[in-house]
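Enquirer: Before I ask anything, let me first share the structure, which is written out below as structure tokens.
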Amino acid sequence: MMESVISLKNLKKSFDNREILKGIDLEIKKNEVVSVIGSSGSGKSTMLRCINLLEDVTSGDICFYGKSVTGGDIDINDYRSKIVMVFQQFNLFNNMTVLDNCVRPQTVVLKRSKEEAKANALKYLKKVGMAEYINARPAQLSGGMKQRVAIARALSMNPEVILFDEPTSALDPEMVGEVLDVMRSLAGEGLTMIVVTHEMAFARDVSDRVIFIDEGVICEEGNPKEFFASPKTERAKAFLSRFLQ
Amino acid sequence: MEFFQNVLDILTKYYPYLLEGLGYTMLIALTGTILGLLIGLITGIVKTVPLSKRGGVRFLQKLINFIISCYVEIFRGTPMMVQSMVIFWGYAFMNGGETLPLIPAGIFIVSINTGAYMTEIVRGGIISVDKGQFEGAYSVGMTHTQAMTNVIIPQVMRNILPSVSNEFVINIKDTSVLNVIGVMELYFMANKIQMMTWNIFETYLIICVIYFIMTFSVTRILRVVEKKLAGSDSYTICGSQSDPDAEIHVKKEEKVFG
Ligand SMILES: Nc1ncnc2c1ncn2[C@@H]1O[C@H](COP(=O)(O)OP(=O)(O)O)[C@@H](O)[C@H]1O
Ligand SMILES: [Mg+2]
């Protein structure tokens, strides 16, 4: 059996004594594209933020190639640079140009030389179709453009995994396509991705596996074609019928 | 007319005093503001470091934050004129009557007083930066220090510039209180001139006008600087689909595309 890149073991997370994640077990294999779906408030973002260590876990464990990352005996920043995150609100650095957004994390975190970082950044900016805008600032770009730059920034780190938290939810409808196209091509190239999304077509057609989270537990998971054609649990059925009508 | 004659006399006979006073006022106000900003940056940044999970470090952080809060409250809650006397004569008291040199003493007092205000300005500036900016930095593996120096502080500096300018203007006016310890700033000089000429009204009216010209022009100049630092509102698109060497210049901040 292939080794898991990320594994969640009975992961629990509470905010102010309110349990949000109630014991999540999940294995992510290399080159796998996993879509995470579920109603708003079910804990999807919290799970991703726990994986990126933006939130402390309450109990359970998160392992990266079998090694626990919650115990404090790993370099958190080194780990984060390998499992970077793409946010719903983009979170581009407002004080930097498009190019600097992609170069600075490489020079600062990975200690790459300026030239190497720039070449790498340009490669990925070209890939997402933003190479023409390297001198622009985030405030000057549309949402779809910002999200593509954010993806280029993530790719520039040459990470093992990219975590996407509803990358198209803050976009105007006409810009959703351009971002999904980029993500689709990344999936085709074998990047390991965990994608929280409300784009059911993307989840069904692009991902290798779909996870349905409800009230802080994985309610159902499986092959996307099968899941969407014939969900097994009542809750998944109810969720899908609300979405696909 | 006697009034105009008196004003003219003061200006022609005593202009070296006025110039010297003006020079010291500006020197103390400017260096005091810059050093105050440095103090405020250090204390404001320290105050916003996330509390450590380790008990010992956490306790130390809380202690330091408490000390900073005391400093801020005390210096914001007492008049600078009184602070001047306490610091200047306090030093003399503890050093067998030996006093501090006046100009450095003045700069020290203004700096430490401004630092208290700057602490809150910087802290507010850091807190008001969108949380997403921190998370964007953390999520690619930056440490808190790296996030601060690369992402947060540059944005804070831009955001707090109007408040810093404001502190500078306040300091130009408030250095006048340093006359109580004998610092030869503009007000002190006016006091001297007034005792020699007995034209009290004319003398203070003159420095009143000088203070106003200083604060007014400094305000205008800093406003231009603020505009400049607000970032260029144009950029160049490098290459287009049809012509790889094309350069298209785009103006205005707002969303230009899409
Ligand atoms: N920092 C926080 N403090 C308190 N409650 C939170 C925090 N973050 C998320 N929550 C709560 O956790 C629940 C799950 O949130 P989230 O993971 O964002 O859901 P989803 O992404 O699935 O919509 C929500 O009820 C939300 O209010
Ligand atoms: Mg969410």
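By order of appearance in the structure tokens: chains A, B, ..., then residues from 1 within every chain, and ligands from 1 in the order shown.
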Name all residues at most 12 Å from Ile34 in chain B (count only C-alpha atoms; drop same-chain ones fewer than 3 positions away) and give them as a count of residues only.
Expert: 25
Enquirer: Please write out the residues within 12 Å of ligand 2 as an MDAnalysis selection string, counting only C-alpha atoms and all ligand atoms.
Expert: chainID A and resid 36:49 87:89 164:170 195:198 213
Enquirer: For the selection just defined, write its residues with N, CA, C and O atoms to a file, as a CSV table (one decimal), in the first residue's frame.
Expert:
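For reference, part_25.csv as written:
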chain,number,residue,atom,x,y,z
A,36,VAL,N,-13.6,18.0,-0.6
A,36,VAL,CA,-14.3,17.9,0.6
A,36,VAL,C,-15.6,18.8,0.5
A,36,VAL,O,-15.5,20.0,0.2
A,37,ILE,N,-16.7,18.2,0.7
A,37,ILE,CA,-18.0,18.9,0.5
A,37,ILE,C,-18.8,18.8,1.8
A,37,ILE,O,-18.5,18.0,2.7
A,38,GLY,N,-19.8,19.7,2.0
A,38,GLY,CA,-20.6,19.6,3.2
A,38,GLY,C,-21.2,21.0,3.4
A,38,GLY,O,-20.7,22.0,2.8
A,39,SER,N,-22.2,21.1,4.2
A,39,SER,CA,-22.9,22.4,4.4
A,39,SER,C,-22.0,23.3,5.1
A,39,SER,O,-21.0,23.0,5.7
A,40,SER,N,-22.4,24.6,5.0
A,40,SER,CA,-21.6,25.7,5.6
A,40,SER,C,-21.7,25.5,7.1
A,40,SER,O,-22.8,25.2,7.6
A,41,GLY,N,-20.6,25.6,7.8
A,41,GLY,CA,-20.6,25.4,9.3
A,41,GLY,C,-20.3,24.0,9.7
A,41,GLY,O,-20.3,23.7,10.9
A,42,SER,N,-20.1,23.1,8.8
A,42,SER,CA,-19.9,21.7,9.1
A,42,SER,C,-18.4,21.4,9.6
A,42,SER,O,-18.2,20.4,10.1
A,43,GLY,N,-17.5,22.4,9.4
A,43,GLY,CA,-16.2,22.2,9.9
A,43,GLY,C,-15.1,22.0,8.8
A,43,GLY,O,-14.0,21.6,9.2
A,44,LYS,N,-15.4,22.2,7.6
A,44,LYS,CA,-14.5,22.0,6.5
A,44,LYS,C,-13.3,22.9,6.6
A,44,LYS,O,-12.1,22.4,6.5
A,45,SER,N,-13.5,24.2,6.8
A,45,SER,CA,-12.4,25.1,6.9
A,45,SER,C,-11.6,24.8,8.1
A,45,SER,O,-10.3,24.8,8.1
A,46,THR,N,-12.2,24.5,9.2
A,46,THR,CA,-11.5,24.2,10.4
A,46,THR,C,-10.6,23.0,10.2
A,46,THR,O,-9.4,23.0,10.7
A,47,MET,N,-11.0,22.0,9.5
A,47,MET,CA,-10.2,20.8,9.2
A,47,MET,C,-8.9,21.3,8.4
A,47,MET,O,-7.8,20.9,8.8
A,48,LEU,N,-9.1,22.1,7.3
A,48,LEU,CA,-8.0,22.5,6.6
A,48,LEU,C,-7.0,23.4,7.4
A,48,LEU,O,-5.8,23.2,7.3
A,49,ARG,N,-7.6,24.2,8.2
A,49,ARG,CA,-6.8,25.1,9.0
A,49,ARG,C,-6.0,24.4,10.1
A,49,ARG,O,-4.9,24.7,10.5
A,87,PHE,N,-6.6,30.4,0.0
A,87,PHE,CA,-7.8,30.8,0.8
A,87,PHE,C,-8.9,31.4,-0.1
A,87,PHE,O,-8.7,31.8,-1.2
A,88,GLN,N,-10.1,31.3,0.5
A,88,GLN,CA,-11.3,31.9,-0.1
A,88,GLN,C,-11.1,33.4,-0.4
A,88,GLN,O,-11.4,33.9,-1.5
A,89,GLN,N,-10.5,34.1,0.6
A,89,GLN,CA,-10.3,35.5,0.4
A,89,GLN,C,-8.9,35.9,-0.1
A,89,GLN,O,-8.4,37.0,0.1
A,164,PHE,N,-6.9,23.8,-0.6
A,164,PHE,CA,-7.8,24.9,-1.2
A,164,PHE,C,-9.0,25.0,-0.3
A,164,PHE,O,-9.8,24.0,-0.2
A,165,ASP,N,-9.2,26.2,0.2
A,165,ASP,CA,-10.5,26.4,1.0
A,165,ASP,C,-11.5,27.2,0.2
A,165,ASP,O,-11.4,28.5,0.2
A,166,GLU,N,-12.4,26.6,-0.4
A,166,GLU,CA,-13.4,27.3,-1.2
A,166,GLU,C,-12.8,28.4,-2.1
A,166,GLU,O,-13.2,29.5,-2.0
A,167,PRO,N,-11.9,28.0,-3.0
A,167,PRO,CA,-11.1,29.0,-3.8
A,167,PRO,C,-12.0,29.8,-4.7
A,167,PRO,O,-11.6,30.9,-5.2
A,168,THR,N,-13.2,29.3,-5.0
A,168,THR,CA,-14.0,30.1,-6.0
A,168,THR,C,-15.3,30.7,-5.3
A,168,THR,O,-16.1,31.4,-6.0
A,169,SER,N,-15.4,30.6,-4.0
A,169,SER,CA,-16.6,31.0,-3.3
A,169,SER,C,-16.8,32.5,-3.2
A,169,SER,O,-17.8,33.1,-3.1
A,170,ALA,N,-15.6,33.2,-3.3
A,170,ALA,CA,-15.7,34.7,-3.2
A,170,ALA,C,-15.7,35.4,-4.5
A,170,ALA,O,-15.6,36.6,-4.6
A,195,VAL,N,-9.3,19.8,-1.7
A,195,VAL,CA,-10.1,21.0,-2.1
A,195,VAL,C,-11.5,21.0,-1.4
A,195,VAL,O,-12.3,20.1,-1.7
A,196,VAL,N,-11.7,22.0,-0.6
A,196,VAL,CA,-13.0,22.2,0.0
A,196,VAL,C,-13.7,23.1,-1.0
A,196,VAL,O,-13.3,24.1,-1.5
A,197,THR,N,-14.9,22.6,-1.5
A,197,THR,CA,-15.6,23.3,-2.6
A,197,THR,C,-17.1,23.1,-2.6
A,197,THR,O,-17.6,22.1,-2.0
A,198,HIS,N,-17.8,24.0,-3.2
A,198,HIS,CA,-19.2,23.9,-3.4
A,198,HIS,C,-19.4,23.6,-4.9
A,198,HIS,O,-20.6,23.6,-5.4
A,213,ILE,N,-18.6,15.9,4.7
A,213,ILE,CA,-18.5,16.2,6.1
A,213,ILE,C,-19.8,16.7,6.6
A,213,ILE,O,-20.4,17.6,5.9
Enquirer: Which of range 50-130 of chain B counts as helix (DSSP H, G or I) under DSSP, as a VMD selection string please?
Expert: chain B and resid 55 to 76 80 to 94 102 to 127
Enquirer: Using only C-alpha atoms, which chain A residues lie at most 8 Å away from chain B, written as number ranges by chain?
Expert: A: 52, 54, 76-85, 89-95, 105, 108-109, 131-136, 139-142, 154, 157
Enquirer: From the list A:Val5, A:Ala150, A:Cys50, A:Ile28, which residue is nearest ligand 1 when using only C-alpha atoms and all ligand atoms?
Expert: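 Selected residue with least distance to ligand 1: A:Cys50.
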Enquirer: Would you pick out the contacts of Gly71 in chain A at 9 Å or less, using only C-alpha atoms, so that residues sharing its chain but fewer than 3 positions from it are not included, and give the list as a PDB file with C-alpha atoms, in the first residue's frame?
Expert:
ATOM      1  CA  ASP A  61      -3.100  13.704  15.577  1.00  0.00           C
ATOM      2  CA  SER A  68       3.282  13.769  13.886  1.00  0.00           C
ATOM      3  CA  ILE A  74       8.976  19.391  13.998  1.00  0.00           C
TER       4      ILE A  74
END
Enquirer: Would you mind writing down, as number ranges by chain, each residue of range 16-200 of chain A that DSSP on the backbone assigns to strand (DSSP E)?
Expert: A: 18-29, 33-37, 59-64, 67-68, 85-86, 161-165, 192-196
Enquirer: Have a look at CA of Arg148 in chain A and CA of Met148 in chain B and let me know their distance in Å, one decimal.
Expert: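 Separation of CA of Arg148 in chain A and CA of Met148 in chain B: 24.5 Å.
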